[in-house]
Each structure stands twice: as C-alpha cells, then as structure tokens.
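Have a look at protein-v9.txt below; it lists compact mmCIF, C-alpha atoms (C1' of nucleotides).
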# COMPACT_ATOMS: atom_id res chain seq x y z
CA MET A 1 98.32 36.83 126.35
CA ASP A 2 100.77 38.60 128.58
CA ASP A 3 101.75 42.18 128.10
CA LEU A 4 103.29 42.70 124.67
CA THR A 5 103.88 46.44 124.81
CA GLU A 6 107.65 46.32 124.94
CA MET A 7 107.83 43.80 122.12
CA LEU A 8 105.53 45.92 119.99
CA LYS A 9 107.91 48.84 120.02
CA GLY A 10 109.12 49.37 116.51
CA THR A 11 106.83 46.73 115.06
CA LEU A 12 103.44 48.27 115.69
CA GLU A 13 104.24 51.21 113.49
CA GLY A 14 105.17 48.77 110.74
CA CYS A 15 101.87 46.96 111.17
CA VAL A 16 100.00 50.22 110.78
CA LEU A 17 102.00 50.98 107.66
CA GLU A 18 101.10 47.57 106.24
CA ILE A 19 97.41 48.08 106.95
CA ILE A 20 97.42 51.50 105.35
CA GLY A 21 99.38 50.12 102.42
CA SER A 22 96.82 47.45 101.69
CA GLU A 23 93.91 49.87 101.69
CA GLU A 24 93.22 53.53 102.34
CA THR A 25 91.71 53.68 105.82
CA TYR A 26 91.39 55.71 109.00
CA GLY A 27 92.45 55.55 112.65
CA TYR A 28 89.38 54.11 114.26
CA ALA A 29 89.14 51.31 111.68
CA ILE A 30 92.87 50.56 111.96
CA THR A 31 92.47 50.08 115.69
CA ARG A 32 89.61 47.63 115.13
CA ARG A 33 91.61 45.77 112.50
CA LEU A 34 94.61 45.43 114.81
CA ASN A 35 92.38 44.17 117.59
CA GLU A 36 90.79 41.51 115.40
CA LEU A 37 94.24 40.51 114.12
CA GLY A 38 95.24 39.53 117.65
CA PHE A 39 96.74 42.77 118.89
CA ALA A 40 93.93 42.85 121.36
CA ASP A 41 95.29 45.39 123.81
CA VAL A 42 96.22 48.06 121.31
CA ILE A 43 94.14 51.06 122.07
CA GLU A 44 92.98 54.01 119.99
CA GLY A 45 95.31 56.53 121.57
CA THR A 46 98.29 54.45 120.53
CA VAL A 47 97.19 54.22 116.92
CA TYR A 48 96.55 57.93 116.69
CA THR A 49 100.00 58.79 118.01
CA ILE A 50 101.46 56.52 115.37
CA LEU A 51 99.36 58.10 112.64
CA LEU A 52 100.37 61.59 113.68
CA ARG A 53 104.00 60.48 113.62
CA LEU A 54 103.63 59.00 110.14
CA GLU A 55 102.09 62.24 108.96
CA ARG A 56 104.78 64.34 110.60
CA ASN A 57 107.44 62.17 108.95
CA GLY A 58 105.84 62.59 105.54
CA LEU A 59 105.08 58.91 104.94
CA VAL A 60 101.37 59.23 104.28
CA GLN A 61 98.87 61.26 102.34
CA VAL A 62 95.88 62.38 104.37
CA THR A 63 92.35 63.04 103.15
CA LYS A 64 89.53 64.18 105.37
CA ARG A 65 86.11 62.86 104.49
CA PRO A 66 82.70 63.19 106.18
CA SER A 67 81.43 60.03 107.79
CA GLY A 68 77.65 60.01 108.17
CA VAL A 69 77.90 58.07 111.42
CA GLY A 70 80.09 60.47 113.35
CA PRO A 71 82.75 63.15 113.00
CA PRO A 72 84.78 63.34 109.77
CA ARG A 73 87.41 60.67 109.21
CA LYS A 74 91.04 61.20 108.29
CA PHE A 75 91.89 58.65 105.61
CA TYR A 76 95.51 57.65 105.29
CA ALA A 77 97.31 56.33 102.21
CA LEU A 78 101.00 55.57 101.72
CA ASN A 79 103.06 57.80 99.48
CA ASP A 80 106.38 56.75 97.92
CA ALA A 81 108.33 57.43 101.09
CA GLY A 82 105.79 55.39 103.03
CA ARG A 83 106.07 52.44 100.70
CA GLU A 84 109.83 52.60 101.00
CA GLU A 85 109.58 52.70 104.77
CA LEU A 86 107.23 49.72 104.71
CA ALA A 87 109.70 47.73 102.61
CA LYS A 88 112.44 48.61 105.10
CA PHE A 89 110.22 47.50 107.94
CA TRP A 90 109.65 44.07 106.41
CA ALA A 91 113.37 43.70 105.70
CA LYS A 92 114.15 44.49 109.30
CA TRP A 93 111.44 42.19 110.56
CA GLN A 94 112.66 39.29 108.47
CA TYR A 95 116.24 39.91 109.54
CA LEU A 96 115.30 40.06 113.20
CA SER A 97 112.92 37.12 113.22
CA SER A 98 115.35 34.88 111.38
CA ARG A 99 118.06 35.64 113.93
CA ILE A 100 115.74 35.06 116.82
CA ASP A 101 114.57 31.77 115.37
CA MET A 102 118.21 30.76 114.87
CA LEU A 103 118.88 31.52 118.48
CA LYS A 104 115.81 29.52 119.49
CA GLU A 105 116.97 26.49 117.50
CA GLY A 106 120.18 26.66 119.49
CA GLY A 107 122.03 28.13 116.52
CA ARG A 108 125.74 28.10 117.28
CA MET B 1 121.27 46.33 108.33
CA ASP B 2 119.36 49.40 109.32
CA ASP B 3 118.86 50.43 112.90
CA LEU B 4 117.08 47.72 114.85
CA THR B 5 117.07 49.32 118.28
CA GLU B 6 113.35 49.97 118.51
CA MET B 7 112.51 46.48 117.33
CA LEU B 8 114.88 44.96 119.84
CA LYS B 9 112.97 46.41 122.74
CA GLY B 10 111.50 43.56 124.69
CA THR B 11 113.24 40.90 122.62
CA LEU B 12 116.86 41.57 123.43
CA GLU B 13 116.31 40.75 127.07
CA GLY B 14 114.74 37.46 126.01
CA CYS B 15 117.74 36.69 123.84
CA VAL B 16 120.05 37.24 126.76
CA LEU B 17 117.89 34.96 128.89
CA GLU B 18 118.08 32.27 126.21
CA ILE B 19 121.86 32.53 126.00
CA ILE B 20 122.23 32.33 129.75
CA GLY B 21 119.79 29.45 129.84
CA SER B 22 121.79 27.37 127.41
CA GLU B 23 125.04 27.81 129.30
CA GLU B 24 126.34 29.68 132.32
CA THR B 25 128.21 32.67 130.94
CA TYR B 26 129.18 36.29 131.51
CA GLY B 27 128.51 39.74 130.09
CA TYR B 28 131.46 40.20 127.82
CA ALA B 29 130.98 36.77 126.23
CA ILE B 30 127.23 37.34 125.85
CA THR B 31 127.94 40.52 123.92
CA ARG B 32 130.28 38.65 121.59
CA ARG B 33 127.77 35.88 121.13
CA LEU B 34 125.00 38.33 120.25
CA ASN B 35 127.30 40.06 117.78
CA GLU B 36 128.19 36.84 116.00
CA LEU B 37 124.51 35.83 115.96
CA GLY B 38 123.77 38.86 113.82
CA PHE B 39 122.91 41.43 116.46
CA ALA B 40 125.93 43.30 115.27
CA ASP B 41 125.24 46.67 116.81
CA VAL B 42 124.51 45.49 120.33
CA ILE B 43 127.11 46.98 122.56
CA GLU B 44 128.49 45.97 125.94
CA GLY B 45 126.77 48.72 127.88
CA THR B 46 123.39 47.49 126.68
CA VAL B 47 124.08 43.94 127.78
CA TYR B 48 125.25 45.02 131.20
CA THR B 49 122.14 47.05 131.83
CA ILE B 50 120.08 44.00 130.92
CA LEU B 51 122.11 41.76 133.20
CA LEU B 52 121.76 44.15 136.11
CA ARG B 53 118.02 44.24 135.49
CA LEU B 54 117.80 40.46 135.44
CA GLU B 55 119.69 40.33 138.70
CA ARG B 56 117.54 43.01 140.27
CA ASN B 57 114.44 41.10 139.20
CA GLY B 58 115.71 37.88 140.73
CA LEU B 59 115.84 35.87 137.51
CA VAL B 60 119.47 34.81 137.66
CA GLN B 61 122.06 33.41 140.00
CA VAL B 62 125.38 35.21 139.91
CA THR B 63 128.81 33.78 140.59
CA LYS B 64 132.02 35.79 140.46
CA ARG B 65 135.08 33.92 139.24
CA PRO B 66 138.65 35.02 138.51
CA SER B 67 139.56 35.08 134.85
CA GLY B 68 143.28 34.74 134.29
CA VAL B 69 143.13 37.04 131.28
CA GLY B 70 141.55 40.08 132.91
CA PRO B 71 139.34 41.21 135.74
CA PRO B 72 137.05 38.69 137.44
CA ARG B 73 133.95 37.61 135.51
CA LYS B 74 130.39 37.58 136.74
CA PHE B 75 128.83 34.34 135.56
CA TYR B 76 125.06 34.23 135.18
CA ALA B 77 122.78 31.22 135.38
CA LEU B 78 118.99 31.05 135.25
CA ASN B 79 117.08 30.15 138.38
CA ASP B 80 113.52 28.83 138.40
CA ALA B 81 112.02 32.30 138.00
CA GLY B 82 114.39 32.93 135.12
CA ARG B 83 113.40 29.74 133.33
CA GLU B 84 109.77 30.67 133.77
CA GLU B 85 110.42 34.13 132.38
CA LEU B 86 112.24 32.60 129.43
CA ALA B 87 109.31 30.33 128.66
CA LYS B 88 107.01 33.34 128.81
CA PHE B 89 109.29 35.20 126.46
CA TRP B 90 109.15 32.44 123.85
CA ALA B 91 105.38 32.23 124.16
CA LYS B 92 105.10 35.95 123.59
CA TRP B 93 107.54 35.83 120.71
CA GLN B 94 105.66 33.06 119.00
CA TYR B 95 102.36 34.82 119.51
CA LEU B 96 103.67 38.07 118.12
CA SER B 97 105.58 36.63 115.18
CA SER B 98 102.65 34.50 114.09
CA ARG B 99 100.35 37.54 114.08
CA ILE B 100 102.86 39.62 112.19
CA ASP B 101 103.34 36.90 109.61
CA MET B 102 99.57 36.62 109.25
CA LEU B 103 99.41 40.33 108.61
CA LYS B 104 102.22 40.03 106.09
CA GLU B 105 100.40 37.28 104.19
CA GLY B 106 97.47 39.66 103.92
CA GLY B 107 95.52 37.79 106.57
CA ARG B 108 92.00 39.04 106.55
C1' DT C 1 63.80 67.85 124.38
C1' DG C 2 67.57 65.68 126.86
C1' DC C 3 70.61 62.02 127.37
C1' DC C 4 73.52 58.34 126.04
C1' DA C 5 76.23 55.08 123.31
C1' DG C 6 79.00 54.76 119.42
C1' DT C 7 82.14 57.00 116.38
C1' DA C 8 86.38 59.75 115.60
C1' DC C 9 90.30 62.62 116.61
C1' DT C 10 93.72 65.43 119.70
C1' DA C 11 96.87 66.59 123.50
C1' DT C 12 99.86 65.85 127.53
C1' DG C 13 102.39 63.06 130.48
C1' DT C 14 104.53 58.52 132.14
C1' DG C 15 107.39 54.24 132.22
C1' DG C 16 110.33 51.09 130.15
C1' DT C 17 114.08 49.91 127.15
C1' DA C 18 118.14 50.12 124.18
C1' DC C 19 121.81 53.15 123.39
C1' DC C 20 125.62 56.54 124.24
C1' DA C 21 129.70 58.22 126.53
C1' DG C 22 132.81 57.95 129.76
C1' DG C 23 135.05 55.79 133.49
C1' DT C 24 137.41 51.95 136.39
C1' DA C 25 140.29 48.03 136.60
C1' DC C 26 142.90 43.60 135.72
C1' DC C 27 146.19 41.11 132.77
C1' DG C 28 150.20 39.83 129.59
C1' DC C 29 153.40 41.44 126.34
C1' DT C 30 156.89 44.43 124.62
C1' DA D 1 156.01 52.05 131.60
C1' DG D 2 152.79 51.76 128.14
C1' DC D 3 149.35 49.46 125.38
C1' DG D 4 145.78 46.43 123.67
C1' DG D 5 142.52 43.09 125.07
C1' DT D 6 139.47 41.74 128.64
C1' DA D 7 135.66 42.87 131.87
C1' DC D 8 132.42 45.65 134.35
C1' DC D 9 129.68 49.95 135.93
C1' DT D 10 127.11 54.41 135.65
C1' DG D 11 124.56 58.71 134.36
C1' DG D 12 122.19 60.57 130.82
C1' DT D 13 119.36 60.53 126.30
C1' DA D 14 115.87 59.29 122.79
C1' DC D 15 112.18 56.85 121.34
C1' DC D 16 108.03 54.32 121.60
C1' DA D 17 103.64 52.32 123.32
C1' DC D 18 100.43 53.45 126.67
C1' DA D 19 97.35 56.09 130.07
C1' DT D 20 94.27 59.73 130.65
C1' DA D 21 91.49 63.32 129.69
C1' DG D 22 89.22 66.14 126.59
C1' DT D 23 86.56 67.67 122.20
C1' DA D 24 83.00 66.79 118.87
C1' DC D 25 79.60 64.70 115.55
C1' DT D 26 75.69 61.33 114.84
C1' DG D 27 71.45 58.62 115.67
C1' DG D 28 68.19 56.38 118.76
C1' DC D 29 65.31 56.30 122.77
C1' DA D 30 62.63 57.84 126.55
Represent the structure of the file as structure tokens.
Amino acid sequence: MDDLTEMLKGTLEGCVLEIIGSEETYGYAITRRLNELGFADVIEGTVYTILLRLERNGLVQVTKRPSGVGPPRKFYALNDAGREELAKFWAKWQYLSSRIDMLKEGGR
Amino acid sequence: MDDLTEMLKGTLEGCVLEIIGSEETYGYAITRRLNELGFADVIEGTVYTILLRLERNGLVQVTKRPSGVGPPRKFYALNDAGREELAKFWAKWQYLSSRIDMLKEGGR
DNA sequence: TGCCAGTACTATGTGGTACCAGGTACCGCT
DNA sequence: AGCGGTACCTGGTACCACATAGTACTGGCA
C-alpha cells in the first residue's frame, strides 16, 4: 500500500487509544499489534511519541513493570479522560467516514 | 462536531479531487460544496492552498473564465495524472477505513 | 568472556497539511 | 460612494507522523 502517513494523522492516536482501551499493554506490543492489523509502516518511534503525548495530556495511567526478556515495560491503561477521548474519537471517525462515503457515492 | 482538522489531513485533498472530478468547478464553489457536505469548518483559504498544490503538482487543468457576478473564476478539471491520483486516494481510503473498522469491531 | 540479536524506551529534528489572518479585487444595488 | 456578496492569494502557525540516533536490559552462542 502507498504511503498512508498523511491520512493517519489524527486517526493513529485514536487507534492507539482503542488498543490500550481493550487491554492494558505497552509500546512495543502496541507497535506489533498495529503492524499485524495492517498499519504495516507504523514504526516504534511513532507509537512512543503518541504514548508520551497521551501521558502528557493525562489520558492514561502508566505502570512500570519488569519484563524478564528485556528492559522494564511501561504499561498503559485508559483513565476516565482517556475513555472519554476514545468515545470522541469514534464519534469523529464515524462522522468523517460517513461524509466521505457520501461524497464517494456521488452524494448531492 | 468537534475539531476534525487533524483527521482531515490527507483526506481533504482527496475530497477536493473527487469534487473536481465529478464536474469542472472553481474554488469558491468547492468550499460551499464541502460545507454543505458536512465539512462545515473548512474555510476558503484551506481550499485555495489545496488547489494551488494540485496545480503545482500537475494534477489539474486550469481555465480562467469571467463570472458576471464578481471577479473571474479559475475552473479546475482533472487531467490524467489527477484521475490517477484520485483512484489512488480512494484505494488508500478504502484500505484505511477497512482497517479502522476492523479495529473497532475488536478485530483480533 | 565478548558479541549480537531481540526487546524496550527516549530525545531531537524534519516535512507535510489544514488553518488563521489579512489583503486584493470585481460586481450590482441602494 | 458605500456595502455585501463573490472570488482569489499569501505569509505565518500548530500539529502530527516520521526519521534518526541514542540508551539500556536480557539471553544465547562462539
């Protein structure tokens, strides 16, 4: 698939929120999950910047835990603000995608 | 609706391409069309920057015509490269939206 | 023991895009 | 002459995904 980076702006963060919301997890695993979901070109650095942003914006609760197979992991879970943000993301996504699909169907 | 600007990145240009592709038209009218399609906050300046970019990238053919109700209009039509770009846009959109919907359905 | 691959996170800088703010200019009507 | 509607352009800003480089912990292998 062609380069999706521009299209991912605004949506990738929502995807990360959704992944965190479904299960407490950490950056490295999130990257792998995104890759297997079809976001093949998303790279670790990108995910970490998103995670730091989420933390800075107070949307997640962070817990550091030792790993056994490497350095300690930072596990992320959504807090109330995060869940609210996630709901907003899906509302926006549905709004946008419905409009785009309308446009595609020649909606006039 | 909340602020969509980040989510529009990469898609708004495709929307403009689609509108131009369905009918030769001009900036002011494109803005109105986007607004009535539900992209309520998209403003003229944004559309013009997109149109200039399309022109610079050789995706459109431009024709200036007098208006009768104001200054002359710059009409835009897709050329072959533009139609190709539009097809690519829809492919990317479908790819992305299908993955996002999979994620939403808890696709694992 | 030394080295390497895999795991895991951080920091800085870049490019692209939508948006903002302000400006220019043409037209018809009052 | 002034004003609202039409129509376009431009310089600057903010934000985001991405690139790049660096740090650091673990286990396996020669």
Closest-contact table, chain B side, partner chain A, 8 Å, counting only C-alpha atoms, as CSV:
residue,atom,partner,partner_atom,distance
B:Met1,CA,A:Lys92,CA,7.4
B:Asp2,CA,A:Lys92,CA,7.2
B:Leu4,CA,A:Lys92,CA,7.1
B:Glu6,CA,A:Gly10,CA,4.7
B:Met7,CA,A:Gly10,CA,4.5
B:Leu8,CA,A:Met7,CA,7.5
B:Lys9,CA,A:Glu6,CA,5.8
B:Gly10,CA,A:Met7,CA,4.5
B:Thr11,CA,A:Met7,CA,6.2
B:Cys15,CA,A:Ile100,CA,7.5
B:Glu18,CA,A:Lys104,CA,7.6
B:Leu37,CA,A:Arg99,CA,6.8
B:Gly38,CA,A:Arg99,CA,6.6
B:Phe39,CA,A:Arg99,CA,8.0
B:Lys92,CA,A:Leu4,CA,7.1
B:Ser97,CA,A:Ser97,CA,7.6
B:Arg99,CA,A:Gly38,CA,6.5
B:Ile100,CA,A:Cys15,CA,7.5
B:Leu103,CA,A:Cys15,CA,7.5
B:Lys104,CA,A:Glu18,CA,7.6
>> Residues of chain B within 6 Å of chain C, counting only C-alpha atoms (C1' of nucleotides) - could you list those as a count of residues only?
In response: 4
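Considering the residues A:Thr31, A:Thr25, A:Thr46, A:Thr63 and counting only C-alpha atoms (C1' of nucleotides), chain D has its shortest atom-to-atom contact with A:Thr46.
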>> Only residues of chain D matter here; which ones have an atom within 9 Å of chain B, counting all atoms listed in the file? Give them as a count of residues only.
In response: 7
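The gap separating CA of Ala77 (chain A) from CA of Gln61 (chain A) is 5.2 Å, in Å to one decimal.
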> In Å to one decimal, how far is CA of Arg32 (chain B) from CA of Glu84 (chain B)?
Replying inline: 25.2 Å
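Taking CA of Ala81 (chain A) and CA of Asp41 (chain B) as the two end points, the separation is 25.5 Å.
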Please rebuild region 90-101 of chain A with all heavy atoms and give the result as an mmCIF file, in the coordinates of the input.
data_model
loop_
_atom_site.group_PDB
_atom_site.id
_atom_site.type_symbol
_atom_site.label_atom_id
_atom_site.label_comp_id
_atom_site.auth_asym_id
_atom_site.auth_seq_id
_atom_site.Cartn_x
_atom_site.Cartn_y
_atom_site.Cartn_z
ATOM 1 N N TRP A 90 109.721 45.521 106.626
ATOM 2 C CA TRP A 90 109.650 44.070 106.410
ATOM 3 C C TRP A 90 111.043 43.459 106.337
ATOM 4 O O TRP A 90 111.272 42.336 106.827
ATOM 5 C CB TRP A 90 108.847 43.737 105.159
ATOM 6 C CG TRP A 90 107.374 43.857 105.379
ATOM 7 C CD1 TRP A 90 106.510 44.625 104.667
ATOM 8 C CD2 TRP A 90 106.585 43.205 106.390
ATOM 9 N NE1 TRP A 90 105.236 44.493 105.169
ATOM 10 C CE2 TRP A 90 105.251 43.634 106.217
ATOM 11 C CE3 TRP A 90 106.877 42.309 107.423
ATOM 12 C CZ2 TRP A 90 104.204 43.198 107.029
ATOM 13 C CZ3 TRP A 90 105.841 41.876 108.242
ATOM 14 C CH2 TRP A 90 104.532 42.317 108.037
ATOM 15 N N ALA A 91 111.984 44.194 105.742
ATOM 16 C CA ALA A 91 113.370 43.700 105.700
ATOM 17 C C ALA A 91 113.920 43.545 107.112
ATOM 18 O O ALA A 91 114.524 42.524 107.452
ATOM 19 C CB ALA A 91 114.234 44.659 104.880
ATOM 20 N N LYS A 92 113.657 44.545 107.914
ATOM 21 C CA LYS A 92 114.150 44.490 109.300
ATOM 22 C C LYS A 92 113.483 43.361 110.060
ATOM 23 O O LYS A 92 114.127 42.623 110.817
ATOM 24 C CB LYS A 92 113.890 45.828 110.012
ATOM 25 C CG LYS A 92 114.778 46.950 109.541
ATOM 26 C CD LYS A 92 114.929 48.025 110.615
ATOM 27 C CE LYS A 92 113.820 49.051 110.553
ATOM 28 N NZ LYS A 92 114.032 50.130 111.555
ATOM 29 N N TRP A 93 112.179 43.226 109.853
ATOM 30 C CA TRP A 93 111.440 42.190 110.560
ATOM 31 C C TRP A 93 111.971 40.797 110.179
ATOM 32 O O TRP A 93 112.185 39.950 111.045
ATOM 33 C CB TRP A 93 109.949 42.277 110.275
ATOM 34 C CG TRP A 93 109.208 41.102 110.808
ATOM 35 C CD1 TRP A 93 108.731 40.046 110.103
ATOM 36 C CD2 TRP A 93 108.924 40.829 112.195
ATOM 37 N NE1 TRP A 93 108.152 39.132 110.951
ATOM 38 C CE2 TRP A 93 108.257 39.591 112.233
ATOM 39 C CE3 TRP A 93 109.169 41.500 113.381
ATOM 40 C CZ2 TRP A 93 107.828 39.013 113.435
ATOM 41 C CZ3 TRP A 93 108.741 40.928 114.571
ATOM 42 C CH2 TRP A 93 108.084 39.709 114.591
ATOM 43 N N GLN A 94 112.176 40.595 108.906
ATOM 44 C CA GLN A 94 112.660 39.290 108.470
ATOM 45 C C GLN A 94 114.057 39.020 109.035
ATOM 46 O O GLN A 94 114.348 37.902 109.494
ATOM 47 C CB GLN A 94 112.697 39.226 106.944
ATOM 48 C CG GLN A 94 113.236 37.879 106.470
ATOM 49 C CD GLN A 94 112.930 37.606 105.017
ATOM 50 O OE1 GLN A 94 112.314 38.436 104.345
ATOM 51 N NE2 GLN A 94 113.332 36.438 104.542
ATOM 52 N N TYR A 95 114.895 40.059 108.994
ATOM 53 C CA TYR A 95 116.240 39.910 109.540
ATOM 54 C C TYR A 95 116.164 39.521 111.014
ATOM 55 O O TYR A 95 116.750 38.527 111.449
ATOM 56 C CB TYR A 95 117.007 41.219 109.376
ATOM 57 C CG TYR A 95 118.431 41.143 109.846
ATOM 58 C CD1 TYR A 95 119.438 40.705 109.003
ATOM 59 C CD2 TYR A 95 118.774 41.508 111.144
ATOM 60 C CE1 TYR A 95 120.748 40.631 109.431
ATOM 61 C CE2 TYR A 95 120.082 41.438 111.583
ATOM 62 C CZ TYR A 95 121.065 40.995 110.724
ATOM 63 O OH TYR A 95 122.351 40.908 111.173
ATOM 64 N N LEU A 96 115.397 40.311 111.757
ATOM 65 C CA LEU A 96 115.300 40.060 113.200
ATOM 66 C C LEU A 96 114.705 38.684 113.499
ATOM 67 O O LEU A 96 115.261 37.909 114.286
ATOM 68 C CB LEU A 96 114.454 41.145 113.857
ATOM 69 C CG LEU A 96 114.234 40.960 115.360
ATOM 70 C CD1 LEU A 96 115.548 41.073 116.115
ATOM 71 C CD2 LEU A 96 113.226 41.968 115.891
ATOM 72 N N SER A 97 113.601 38.368 112.859
ATOM 73 C CA SER A 97 112.920 37.120 113.220
ATOM 74 C C SER A 97 113.754 35.909 112.819
ATOM 75 O O SER A 97 113.744 34.890 113.523
ATOM 76 C CB SER A 97 111.529 37.065 112.602
ATOM 77 O OG SER A 97 111.582 37.023 111.206
ATOM 78 N N SER A 98 114.496 36.019 111.743
ATOM 79 C CA SER A 98 115.350 34.880 111.380
ATOM 80 C C SER A 98 116.449 34.672 112.411
ATOM 81 O O SER A 98 116.760 33.534 112.780
ATOM 82 C CB SER A 98 115.939 35.087 109.987
ATOM 83 O OG SER A 98 116.910 36.108 109.996
ATOM 84 N N ARG A 99 117.007 35.765 112.905
ATOM 85 C CA ARG A 99 118.060 35.640 113.930
ATOM 86 C C ARG A 99 117.500 35.069 115.218
ATOM 87 O O ARG A 99 118.123 34.230 115.862
ATOM 88 C CB ARG A 99 118.699 36.998 114.252
ATOM 89 C CG ARG A 99 119.219 37.749 113.072
ATOM 90 C CD ARG A 99 120.365 37.043 112.403
ATOM 91 N NE ARG A 99 120.260 37.261 110.963
ATOM 92 C CZ ARG A 99 121.277 37.198 110.123
ATOM 93 N NH1 ARG A 99 122.481 36.892 110.556
ATOM 94 N NH2 ARG A 99 121.084 37.408 108.846
ATOM 95 N N ILE A 100 116.338 35.539 115.581
ATOM 96 C CA ILE A 100 115.740 35.060 116.820
ATOM 97 C C ILE A 100 115.428 33.577 116.689
ATOM 98 O O ILE A 100 115.679 32.787 117.621
ATOM 99 C CB ILE A 100 114.438 35.821 117.137
ATOM 100 C CG1 ILE A 100 114.701 37.310 117.235
ATOM 101 C CG2 ILE A 100 113.790 35.281 118.392
ATOM 102 C CD1 ILE A 100 114.844 37.856 118.594
ATOM 103 N N ASP A 101 114.886 33.183 115.547
ATOM 104 C CA ASP A 101 114.570 31.770 115.370
ATOM 105 C C ASP A 101 115.845 30.927 115.383
ATOM 106 O O ASP A 101 115.866 29.823 115.927
ATOM 107 C CB ASP A 101 113.790 31.567 114.067
ATOM 108 C CG ASP A 101 112.371 32.144 114.172
ATOM 109 O OD1 ASP A 101 111.890 32.278 115.312
ATOM 110 O OD2 ASP A 101 111.755 32.437 113.140
#
